$ cat run_27.csv   # CSV, C-alpha atoms and all ligand atoms
chain,number,residue,atom,x,y,z
T,1,MET,CA,29.6,37.6,71.2
T,2,VAL,CA,26.0,37.2,72.1
T,3,SER,CA,25.3,34.7,74.9
T,4,ASP,CA,22.3,32.6,76.1
T,5,GLN,CA,21.9,35.1,78.9
T,6,ASP,CA,21.7,38.1,76.5
T,7,VAL,CA,19.0,36.2,74.5
T,8,LEU,CA,17.0,35.4,77.6
T,9,ALA,CA,17.2,38.9,78.9
T,10,ALA,CA,15.9,40.2,75.5
T,11,LEU,CA,13.0,37.8,75.7
T,12,GLN,CA,11.9,39.2,79.1
T,13,SER,CA,10.0,41.8,77.1
T,14,VAL,CA,8.0,39.2,75.2
T,15,PRO,CA,4.9,37.7,76.9
T,16,GLY,CA,4.8,33.9,76.6
T,17,PRO,CA,1.8,31.7,75.4
T,18,ASP,CA,-0.4,32.8,78.3
T,19,GLY,CA,-0.1,36.4,77.2
T,20,LYS,CA,1.4,37.5,80.5
T,21,THR,CA,4.4,35.5,81.8
T,22,PRO,CA,7.6,36.6,80.0
T,23,LEU,CA,8.8,33.9,77.7
T,24,PRO,CA,11.9,32.9,79.8
T,25,GLY,CA,9.7,32.1,82.8
T,26,SER,CA,6.8,30.6,80.9
T,27,GLY,CA,8.3,27.2,80.6
T,28,ALA,CA,7.6,27.2,76.9
T,29,LEU,CA,11.2,27.7,75.6
T,30,SER,CA,12.3,24.3,74.4
T,31,GLY,CA,15.6,25.0,72.6
T,32,LEU,CA,18.2,27.7,72.2
T,33,SER,CA,21.4,27.5,70.2
T,34,ILE,CA,23.8,30.2,69.0
T,35,LYS,CA,26.3,29.8,66.3
T,36,ASP,CA,28.3,32.5,64.6
T,37,GLY,CA,25.9,35.2,65.8
T,38,LYS,CA,22.9,33.2,64.5
T,39,VAL,CA,20.3,32.4,67.2
T,40,TYR,CA,17.9,29.4,66.9
T,41,LEU,CA,15.1,29.4,69.4
T,42,SER,CA,12.1,27.1,69.7
T,43,ILE,CA,9.0,27.6,71.7
T,44,ALA,CA,6.8,24.6,72.5
T,45,ILE,CA,3.1,25.3,72.2
T,46,ASP,CA,-0.2,23.5,71.8
T,47,PRO,CA,-0.3,23.0,68.0
T,48,ARG,CA,-4.0,24.2,67.9
T,49,GLN,CA,-2.7,27.6,68.9
T,50,SER,CA,-0.1,28.0,66.2
T,51,ALA,CA,-1.9,30.7,64.3
T,52,ALA,CA,-2.9,32.6,67.4
T,53,LEU,CA,0.7,32.6,68.7
T,54,GLU,CA,2.4,33.6,65.5
T,55,PRO,CA,2.6,37.3,66.7
T,56,MET,CA,4.4,36.0,69.8
T,57,ARG,CA,6.9,34.2,67.6
T,58,ALA,CA,7.4,37.2,65.5
T,59,ALA,CA,7.9,39.4,68.6
T,60,ALA,CA,10.5,37.0,70.0
T,61,GLU,CA,12.3,37.0,66.7
T,62,ALA,CA,12.3,40.8,66.5
T,63,ALA,CA,13.5,41.1,70.1
T,64,VAL,CA,16.4,38.8,69.6
T,65,LYS,CA,17.4,40.4,66.3
T,66,LYS,CA,17.7,43.8,68.0
T,67,LEU,CA,20.6,42.5,70.2
T,68,ALA,CA,24.0,43.6,69.3
T,69,GLY,CA,26.1,40.8,67.8
T,70,VAL,CA,23.1,38.9,66.4
T,71,ALA,CA,23.4,38.3,62.7
T,72,ASN,CA,20.2,36.5,62.3
T,73,ALA,CA,17.5,35.0,64.6
T,74,LEU,CA,15.0,32.3,63.8
T,75,VAL,CA,12.3,31.4,66.2
T,76,SER,CA,9.9,28.6,65.6
T,77,LEU,CA,6.8,27.2,67.3
T,78,THR,CA,7.0,23.5,67.9
T,79,SER,CA,4.6,21.1,69.6
T,80,GLU,CA,7.3,19.0,71.2
T,81,LYS,CA,5.6,19.0,74.5
T,82,GLN,CA,2.8,17.0,73.0
T,83,ALA,CA,5.2,14.5,71.4
T,84,PRO,CA,4.0,11.0,71.9
T,85,PRO,CA,6.4,8.4,73.3
T,86,LYS,CA,8.9,6.9,70.9
T,87,PRO,CA,7.1,4.8,68.4
T,88,SER,CA,7.5,1.0,68.6
T,89,PRO,CA,7.0,-1.1,65.5
T,90,PRO,CA,3.3,-1.6,64.9
T,91,LYS,CA,1.8,-5.1,65.1
T,92,PRO,CA,0.4,-6.3,61.9
T,93,SER,CA,-3.2,-5.2,61.7
T,94,PRO,CA,-5.9,-5.6,59.1
T,95,PRO,CA,-5.4,-3.2,56.2
T,96,LYS,CA,-6.9,0.2,56.9
T,97,PRO,CA,-8.1,2.6,54.2
T,98,ALA,CA,-4.8,4.0,52.8
T,99,SER,CA,-6.0,7.3,51.4
T,100,PRO,CA,-4.8,10.3,53.4
T,101,LYS,CA,-6.9,12.0,55.9
T,102,PRO,CA,-7.3,15.8,55.6
T,103,ALA,CA,-4.1,17.5,56.6
T,104,SER,CA,-4.0,17.8,60.4
T,105,PRO,CA,-3.6,21.2,62.0
T,106,ARG,CA,0.1,20.6,62.7
T,107,GLY,CA,2.3,23.6,62.0
T,108,ILE,CA,1.2,26.6,60.0
T,109,ALA,CA,0.3,26.0,56.3
T,110,ILE,CA,2.8,27.7,54.0
T,111,PRO,CA,1.0,30.2,51.7
T,112,GLY,CA,1.4,29.3,48.1
T,113,ILE,CA,2.4,25.6,48.7
T,114,SER,CA,-0.4,23.2,48.1
T,115,ASN,CA,1.2,20.1,49.4
T,116,ILE,CA,4.3,19.3,51.4
T,117,ILE,CA,5.3,15.7,51.4
T,118,ALA,CA,8.2,13.9,53.1
T,119,VAL,CA,10.5,11.3,51.6
T,120,ALA,CA,11.7,9.2,54.5
T,121,SER,CA,13.5,6.0,55.2
T,122,GLY,CA,14.1,3.9,58.4
T,123,LYS,CA,17.8,4.0,57.9
T,124,GLY,CA,20.5,5.6,55.7
T,125,GLY,CA,21.9,4.4,52.4
T,126,VAL,CA,18.7,2.9,51.0
T,127,GLY,CA,18.4,5.5,48.2
T,128,LYS,CA,16.1,8.0,49.9
T,129,SER,CA,17.7,11.1,48.4
T,130,THR,CA,17.9,9.6,45.0
T,131,THR,CA,14.2,8.7,45.2
T,132,CYS,CA,13.4,12.1,46.5
T,133,VAL,CA,15.0,13.9,43.6
T,134,ASN,CA,13.6,11.6,40.9
T,135,LEU,CA,10.2,11.7,42.5
T,136,ALA,CA,10.3,15.5,42.5
T,137,LEU,CA,11.3,15.5,38.8
T,138,GLY,CA,8.7,12.9,38.0
T,139,LEU,CA,6.0,15.2,39.6
T,140,ALA,CA,7.4,18.1,37.6
T,141,SER,CA,7.3,16.1,34.3
T,142,LEU,CA,3.6,15.6,35.0
T,143,GLY,CA,3.0,19.3,35.0
T,144,TRP,CA,3.3,20.2,38.7
T,145,ARG,CA,5.3,23.1,40.0
T,146,VAL,CA,7.7,21.4,42.4
T,147,GLY,CA,10.3,22.3,45.0
T,148,VAL,CA,12.7,20.1,46.9
T,149,LEU,CA,13.7,20.9,50.4
T,150,ASP,CA,16.8,19.0,51.7
T,151,ALA,CA,16.2,18.5,55.4
T,152,ASP,CA,18.7,15.7,55.8
T,153,ILE,CA,20.9,17.1,58.5
T,154,TYR,CA,23.1,14.0,58.6
T,155,GLY,CA,24.2,14.3,55.0
T,156,PRO,CA,22.5,17.0,52.9
T,157,SER,CA,23.0,15.7,49.3
T,158,ILE,CA,20.2,17.3,47.2
T,159,PRO,CA,22.4,20.1,45.7
T,160,ARG,CA,24.9,17.4,44.5
T,161,LEU,CA,22.2,15.1,43.1
T,162,LEU,CA,20.7,18.0,41.2
T,163,GLY,CA,24.1,19.2,40.0
T,164,LEU,CA,23.7,22.5,41.8
T,165,LYS,CA,26.8,24.6,42.4
T,166,GLY,CA,26.9,27.9,44.3
T,167,LYS,CA,24.9,29.2,47.1
T,168,PRO,CA,21.5,30.7,47.2
T,169,GLU,CA,21.3,34.5,47.3
T,170,SER,CA,19.2,36.5,49.7
T,171,GLU,CA,16.7,39.1,48.8
T,172,GLY,CA,16.0,41.3,51.7
T,173,ARG,CA,15.0,39.0,54.6
T,174,SER,CA,14.2,36.1,52.2
T,175,ILE,CA,16.3,33.6,50.4
T,176,ARG,CA,16.0,32.8,46.7
T,177,PRO,CA,15.9,29.1,46.0
T,178,LEU,CA,18.2,27.5,43.4
T,179,ILE,CA,16.7,26.0,40.3
T,180,ALA,CA,17.7,22.8,38.6
T,181,TYR,CA,15.8,21.0,35.8
T,182,GLY,CA,12.8,23.2,36.4
T,183,VAL,CA,12.4,22.4,40.2
T,184,LYS,CA,13.3,24.8,43.0
T,185,ALA,CA,15.7,23.6,45.6
T,186,MET,CA,17.0,24.5,49.0
T,187,SER,CA,19.2,22.6,51.4
T,188,ILE,CA,19.7,22.8,55.2
T,189,GLY,CA,23.4,22.4,54.2
T,190,PHE,CA,23.4,26.0,52.9
T,191,LEU,CA,22.1,27.3,56.3
T,192,VAL,CA,24.2,25.5,58.8
T,193,ASP,CA,27.4,23.7,59.3
T,194,GLU,CA,26.9,20.0,58.8
T,195,GLU,CA,28.9,18.9,61.9
T,196,GLU,CA,26.9,21.4,64.0
T,197,ALA,CA,23.5,20.3,62.7
T,198,MET,CA,24.3,16.6,63.3
T,199,ILE,CA,24.1,17.0,67.0
T,200,TRP,CA,21.0,19.2,67.1
T,201,ARG,CA,18.0,18.0,69.0
T,202,GLY,CA,14.6,17.8,67.3
T,203,PRO,CA,13.4,21.4,68.0
T,204,MET,CA,16.6,22.9,66.5
T,205,VAL,CA,16.1,20.9,63.3
T,206,VAL,CA,12.5,22.0,63.2
T,207,SER,CA,13.5,25.7,63.7
T,208,ALA,CA,15.9,25.5,60.7
T,209,ILE,CA,13.4,23.7,58.5
T,210,GLN,CA,10.6,26.1,59.4
T,211,GLN,CA,12.9,29.0,58.4
T,212,LEU,CA,13.5,27.4,55.1
T,213,LEU,CA,9.7,26.9,54.6
T,214,ARG,CA,8.9,30.4,55.7
T,215,ASP,CA,11.8,32.5,54.4
T,216,VAL,CA,12.6,30.9,51.0
T,217,LEU,CA,10.9,32.5,48.1
T,218,TRP,CA,9.2,29.3,46.9
T,219,GLY,CA,6.4,31.1,45.1
T,220,GLU,CA,3.5,29.0,44.0
T,221,LEU,CA,4.1,25.2,44.3
T,222,ASP,CA,1.9,22.3,43.8
T,223,CYS,CA,4.2,20.2,45.8
T,224,LEU,CA,7.3,20.6,48.0
T,225,VAL,CA,9.2,17.4,48.5
T,226,VAL,CA,11.2,17.2,51.7
T,227,ASP,CA,14.1,14.9,51.9
T,228,MET,CA,14.0,13.8,55.6
T,229,PRO,CA,16.9,12.8,57.7
T,230,PRO,CA,17.1,8.9,57.7
T,231,GLY,CA,15.8,7.1,60.8
T,232,THR,CA,13.0,7.5,63.3
T,233,GLY,CA,14.7,9.4,66.1
T,234,ASP,CA,14.0,12.7,67.9
T,235,ALA,CA,14.8,14.9,64.9
T,236,GLN,CA,12.7,12.9,62.5
T,237,LEU,CA,9.7,12.7,64.9
T,238,SER,CA,9.9,16.4,65.6
T,239,LEU,CA,9.9,17.2,61.8
T,240,ALA,CA,7.0,14.8,61.1
T,241,GLN,CA,5.0,16.5,63.9
T,242,ASN,CA,5.8,20.1,63.2
T,243,VAL,CA,6.0,20.4,59.4
T,244,PRO,CA,2.5,20.7,57.9
T,245,LEU,CA,2.9,17.4,55.9
T,246,ALA,CA,0.2,16.2,53.5
T,247,GLY,CA,1.8,12.8,53.5
T,248,ALA,CA,5.0,10.7,53.5
T,249,VAL,CA,6.7,8.3,51.1
T,250,ILE,CA,8.8,5.6,52.7
T,251,VAL,CA,11.8,4.3,50.8
T,252,SER,CA,13.1,0.8,51.6
T,253,THR,CA,15.3,-1.8,50.1
T,254,PRO,CA,13.8,-5.3,50.0
T,255,GLN,CA,16.0,-7.0,52.8
T,256,ASP,CA,14.3,-8.0,56.0
T,257,LEU,CA,16.4,-5.7,58.1
T,258,ALA,CA,15.6,-2.6,56.0
T,259,LEU,CA,12.0,-3.5,56.2
T,260,VAL,CA,12.0,-3.6,59.9
T,261,ASP,CA,13.3,0.0,59.8
T,262,ALA,CA,10.7,0.9,57.2
T,263,ARG,CA,8.0,-0.4,59.5
T,264,ARG,CA,9.3,2.0,62.2
T,265,GLY,CA,8.9,4.8,59.7
T,266,ILE,CA,5.3,3.9,59.0
T,267,ALA,CA,4.6,3.7,62.8
T,268,MET,CA,6.2,7.1,63.3
T,269,PHE,CA,4.1,8.9,60.7
T,270,ARG,CA,1.0,7.1,61.8
T,271,LYS,CA,1.5,8.2,65.4
T,272,VAL,CA,1.6,11.9,64.4
T,273,ALA,CA,-1.3,11.4,61.9
T,274,VAL,CA,0.6,12.0,58.7
T,275,PRO,CA,-0.8,9.8,56.0
T,276,VAL,CA,1.7,7.3,54.5
T,277,LEU,CA,1.3,7.8,50.7
T,278,GLY,CA,3.1,4.6,50.1
T,279,ILE,CA,6.3,2.5,50.0
T,280,VAL,CA,8.9,2.5,47.3
T,281,GLU,CA,11.1,-0.6,47.0
T,282,ASN,CA,14.5,0.7,45.9
T,283,MET,CA,17.3,-1.6,44.6
T,284,SER,CA,14.5,-4.0,44.1
T,285,TYR,CA,16.2,-6.2,41.5
T,286,PHE,CA,19.5,-5.9,39.6
T,287,ILE,CA,19.7,-5.0,35.9
T,288,CYS,CA,23.0,-6.4,34.5
T,289,PRO,CA,24.7,-3.6,32.5
T,290,HIS,CA,26.2,-6.2,30.2
T,291,CYS,CA,23.4,-8.5,29.2
T,292,GLY,CA,20.4,-6.5,30.5
T,293,GLY,CA,19.3,-9.5,32.5
T,294,ARG,CA,17.3,-9.1,35.6
T,295,SER,CA,18.1,-10.8,38.9
T,296,ALA,CA,16.7,-10.5,42.4
T,297,ILE,CA,19.8,-10.1,44.5
T,298,PHE,CA,17.9,-9.4,47.7
T,299,ALA,CA,14.6,-11.2,48.3
T,300,HIS,CA,12.7,-9.0,45.9
T,301,GLY,CA,9.1,-8.1,46.7
T,302,GLY,CA,9.5,-7.7,50.4
T,303,ALA,CA,8.3,-4.1,50.4
T,304,ARG,CA,5.2,-4.9,48.5
T,305,LEU,CA,4.3,-7.6,51.0
T,306,GLU,CA,5.1,-5.2,53.8
T,307,ALA,CA,2.9,-2.5,52.3
T,308,GLU,CA,0.0,-5.0,52.0
T,309,LYS,CA,0.5,-6.1,55.6
T,310,TYR,CA,0.3,-2.5,56.9
T,311,GLY,CA,-2.4,-1.4,54.6
T,312,VAL,CA,-0.4,1.3,52.9
T,313,PRO,CA,-0.1,1.7,49.1
T,314,PHE,CA,2.8,0.1,47.2
T,315,LEU,CA,4.2,2.8,44.9
T,316,GLY,CA,6.7,0.8,42.8
T,317,GLU,CA,10.0,-1.0,42.4
T,318,VAL,CA,13.1,0.8,41.3
T,319,PRO,CA,15.9,-1.5,40.1
T,320,LEU,CA,19.5,-1.5,41.3
T,321,ASP,CA,20.9,0.0,38.2
T,322,ILE,CA,24.3,1.4,37.4
T,323,GLY,CA,22.7,4.1,35.2
T,324,ILE,CA,20.6,5.4,38.1
T,325,ARG,CA,23.7,5.5,40.3
T,326,GLU,CA,26.0,7.2,37.8
T,327,HIS,CA,23.4,9.8,36.7
T,328,SER,CA,22.4,10.5,40.3
T,329,ASP,CA,26.0,10.9,41.6
T,330,SER,CA,27.0,13.2,38.7
T,331,GLY,CA,24.1,15.5,39.3
T,332,ARG,CA,22.1,14.4,36.2
T,333,PRO,CA,19.1,12.5,37.6
T,334,VAL,CA,17.6,10.0,35.2
T,335,ALA,CA,14.1,11.4,35.6
T,336,ALA,CA,15.3,14.7,34.0
T,337,VAL,CA,18.1,13.8,31.6
T,338,ASP,CA,16.8,10.5,30.2
T,339,PRO,CA,13.0,11.0,30.3
T,340,ASP,CA,12.3,8.1,27.9
T,341,GLY,CA,14.5,5.6,29.7
T,342,GLU,CA,13.2,2.8,31.9
T,343,GLY,CA,14.3,4.5,35.2
T,344,ALA,CA,12.5,7.8,34.3
T,345,LYS,CA,9.3,5.8,33.5
T,346,ILE,CA,9.4,4.0,36.8
T,347,TYR,CA,9.8,7.3,38.7
T,348,ARG,CA,7.1,8.9,36.7
T,349,ALA,CA,4.7,6.1,37.5
T,350,ILE,CA,5.5,6.5,41.2
T,351,ALA,CA,5.0,10.2,40.9
T,352,ALA,CA,1.7,9.7,39.2
T,353,LYS,CA,0.4,7.6,42.1
T,354,VAL,CA,1.6,10.2,44.6
T,355,LYS,CA,0.0,13.0,42.6
T,356,ALA,CA,-3.3,11.2,42.3
T,357,THR,CA,-3.5,10.5,46.0
T,358,LEU,CA,-2.7,14.1,46.9
T,359,GLU,CA,-5.3,15.4,44.5
T,360,LYS,CA,-7.9,13.1,46.0
T,361,GLY,CA,-6.9,14.1,49.6
T,362,ARG,CA,-6.9,17.8,48.8
T,363,VAL,CA,-10.3,17.8,47.3
T,364,ARG,CA,-11.7,16.3,50.5
T,365,ALA,CA,-9.5,18.3,52.8
T,366,ALA,CA,-10.0,21.8,51.5
T,367,PRO,CA,-13.2,22.9,50.0
T,368,LYS,CA,-12.5,25.9,47.9
T,369,ILE,CA,-13.8,29.2,49.4
T,370,THR,CA,-14.4,31.9,46.8
T,371,ILE,CA,-14.9,35.5,47.9
T,372,GLU,CA,-16.9,37.5,45.4
E,401,LIG,P1,20.1,7.7,51.2
E,401,LIG,O1,19.6,9.1,50.9
E,401,LIG,O2,19.1,6.7,51.6
E,401,LIG,O3,21.3,7.7,52.1
E,401,LIG,P2,21.2,7.9,48.5
E,401,LIG,O4,20.0,8.3,47.6
E,401,LIG,O5,22.2,8.9,48.8
E,401,LIG,O6,20.7,7.2,49.8
E,401,LIG,O7,21.8,6.6,47.8
E,401,LIG,C1,23.0,6.0,48.3
E,401,LIG,C2,23.8,5.5,47.1
E,401,LIG,O8,23.1,4.5,46.4
E,401,LIG,C3,24.2,6.6,46.1
E,401,LIG,O9,25.5,6.4,45.6
E,401,LIG,C4,23.1,6.4,45.0
E,401,LIG,O10,23.6,6.8,43.7
E,401,LIG,C5,23.0,4.9,45.0
E,401,LIG,N1,21.6,4.5,44.6
E,401,LIG,C6,20.4,4.8,45.1
E,401,LIG,N2,19.4,4.2,44.4
E,401,LIG,C7,20.0,3.4,43.5
E,401,LIG,C8,19.5,2.6,42.5
E,401,LIG,N3,18.2,2.4,42.3
E,401,LIG,N4,20.4,1.9,41.7
E,401,LIG,C9,21.7,2.1,41.8
E,401,LIG,N5,22.2,2.9,42.7
E,401,LIG,C10,21.4,3.6,43.6
$ encode --input "run_27.csv" --output "structure tokens"
Amino acid sequence: MVSDQDVLAALQSVPGPDGKTPLPGSGALSGLSIKDGKVYLSIAIDPRQSAALEPMRAAAEAAVKKLAGVANALVSLTSEKQAPPKPSPPKPSPPKPASPKPASPRGIAIPGISNIIAVASGKGGVGKSTTCVNLALGLASLGWRVGVLDADIYGPSIPRLLGLKGKPESEGRSIRPLIAYGVKAMSIGFLVDEEEAMIWRGPMVVSAIQQLLRDVLWGELDCLVVDMPPGTGDAQLSLAQNVPLAGAVIVSTPQDLALVDARRGIAMFRKVAVPVLGIVENMSYFICPHCGGRSAIFAHGGARLEAEKYGVPFLGEVPLDIGIREHSDSGRPVAAVDPDGEGAKIYRAIAAKVKATLEKGRVRAAPKITIE
């Protein structure tokens, strides 16, 4: 059995961020966990140095992998040390321009993936994963090549929502994603034990997700949609800060209490300069399965008002609809299996808004360089 001490001893041969002091004494190690011979290690760095320090990361990973008893090692660079204090709900402020800023230099861009976006919620049970899957399928129906990455350590549900059975296969050092309804999918649930991951601190979650970004054979994607863990704690903040996100979609239900949490989500992404692409109001109104009548069970429209107040786009209202629930929970999401239905149309309209914003942002963010 490999121990923390074995790992630290192996890392003595790897110089830390200053290029001299061995990693264990450099003060940069920010997390270490070992489970079934798998070693997860994170190194906190200045995010501006992420490209320059990639060889250090690779050297650390190689050194740990050489140890007897290590089945796999994953080392990631995080910028936890620069983490801002826990966000507090923002005060209402005059609307700001909502379009995203050019992607900030957080993390290392993933070759082949044009946009990585997060689907987040201030709390669990508001329909974040359902929205994530249907948004991804909506983007695919608009012609984009799409992947879904399930980062919800507290309840990875994307494989179930996409009706995926079986485990991904590895190809050398890489993992092949599963494919459902034309989108590629991978879940943190395949990589780690759910109970183990629940208690991880932020840097460990970031390590695992960075491995899934780096080692999964995503191929060329126009968009990778990440289903975030619900909430605004340490794990969520670390992900928001360390994954190279082009933007975030916040899902909320219309009740006041849910909106308070959604506000925290907006504040969290703003603090780490991730553009909020907009808010989706889920379970916005109820469609009666018998008469088709529409009723506002919760005070409908709260998220739209909230979006206006905070100057972020409002992306759309999704009804509380038994069809959406049944399709979702049986792995047959409406956006894929009932493309002409009301639900699919709503998700497609939301996807179209997200796509348009990302296309605008990208044009400004990354002028194309052609080498002749
Ligand atoms: P979260 O990811 O926020 O925990 P889920 O997407 O897992 O939430 O949704 C929680 C439950 O609510 C699931 O059973 C799902 O099918 C159901 N659900 C989500 N959105 C809707 C909706 N618009 N109408 C009906 N049921 C919904």
$ residues_around --input "run_27.csv" --residues "Gln255 in chain T" --least-positions-apart "3" --cutoff "10 Å" --atoms "all atoms listed in the file" --output "ChimeraX atom specification"
/T:252,258-260,281,283-284,297-303
$ closest_residue --input "run_27.csv" --among "T:Cys223, T:Leu315, T:Val14, T:Leu74" --to "Pro55 in chain T" --atoms "only C-alpha atoms"
T:Val14
$ residues_near_ligand --input "run_27.csv" --ligand "ligand LIG 401 (chain E)" --cutoff "10 Å" --atoms "all atoms listed in the file" --output "ChimeraX atom specification"
/T:119-134,152,154-158,160-161,227-231,251-253,281-287,317-331,333,343
$ residues_near_point --input "run_27.csv" --point "(11.2, 38.8, 83.0)" --cutoff "12 Å" --atoms "all atoms listed in the file" --output "VMD selection string"
chain T and resid 7 to 16 20 to 26
$ atom_distance --input "run_27.csv" --atom1 "CA of Leu162 in chain T" --atom2 "CA of Gln210 in chain T"
22.3 Å
$ atom_distance --input "run_27.csv" --atom1 "CA of Gly143 in chain T" --atom2 "CA of Gly316 in chain T"
20.4 Å
$ residues_around --input "run_27.csv" --residues "Ile350 in chain T" --least-positions-apart "4" --cutoff "9 Å" --atoms "all atoms listed in the file" --output "PyMOL selection string"
chain T and resi 135+138-139+280+315-317+345-346+354-355
$ atom_distance --input "run_27.csv" --atom1 "CA of Arg332 in chain T" --atom2 "CA of Trp218 in chain T"
22.4 Å
$ closest_residue --input "run_27.csv" --among "T:Ile279, T:Ile175, T:Ala60, T:Ala356" --to "Gly219 in chain T" --atoms "only C-alpha atoms"
T:Ile175
$ closest_residue --input "run_27.csv" --among "T:Cys288, T:Ala307, T:Ala267, T:Ala151" --to "Leu212 in chain T" --atoms "all atoms listed in the file"
T:Ala151
$ closest_residue --input "run_27.csv" --among "T:Leu29, T:Val249, T:Ala185, T:Met204" --to "Val276 in chain T" --atoms "only C-alpha atoms"
T:Val249
$ closest_residue --input "run_27.csv" --among "T:Glu306, T:Asp18, T:Asp340, T:Glu169" --to "Ala262 in chain T" --atoms "only C-alpha atoms"
T:Glu306
$ residues_around --input "run_27.csv" --residues "Ser3 in chain T" --least-positions-apart "6" --cutoff "12 Å" --atoms "all atoms listed in the file" --output "ChimeraX atom specification"
/T:9-10,32-39,64,67-70
$ closest_residue --input "run_27.csv" --among "T:Ser174, T:Asp150, T:Ala336, T:Ser207" --to "Gly189 in chain T" --atoms "all atoms listed in the file"
T:Asp150
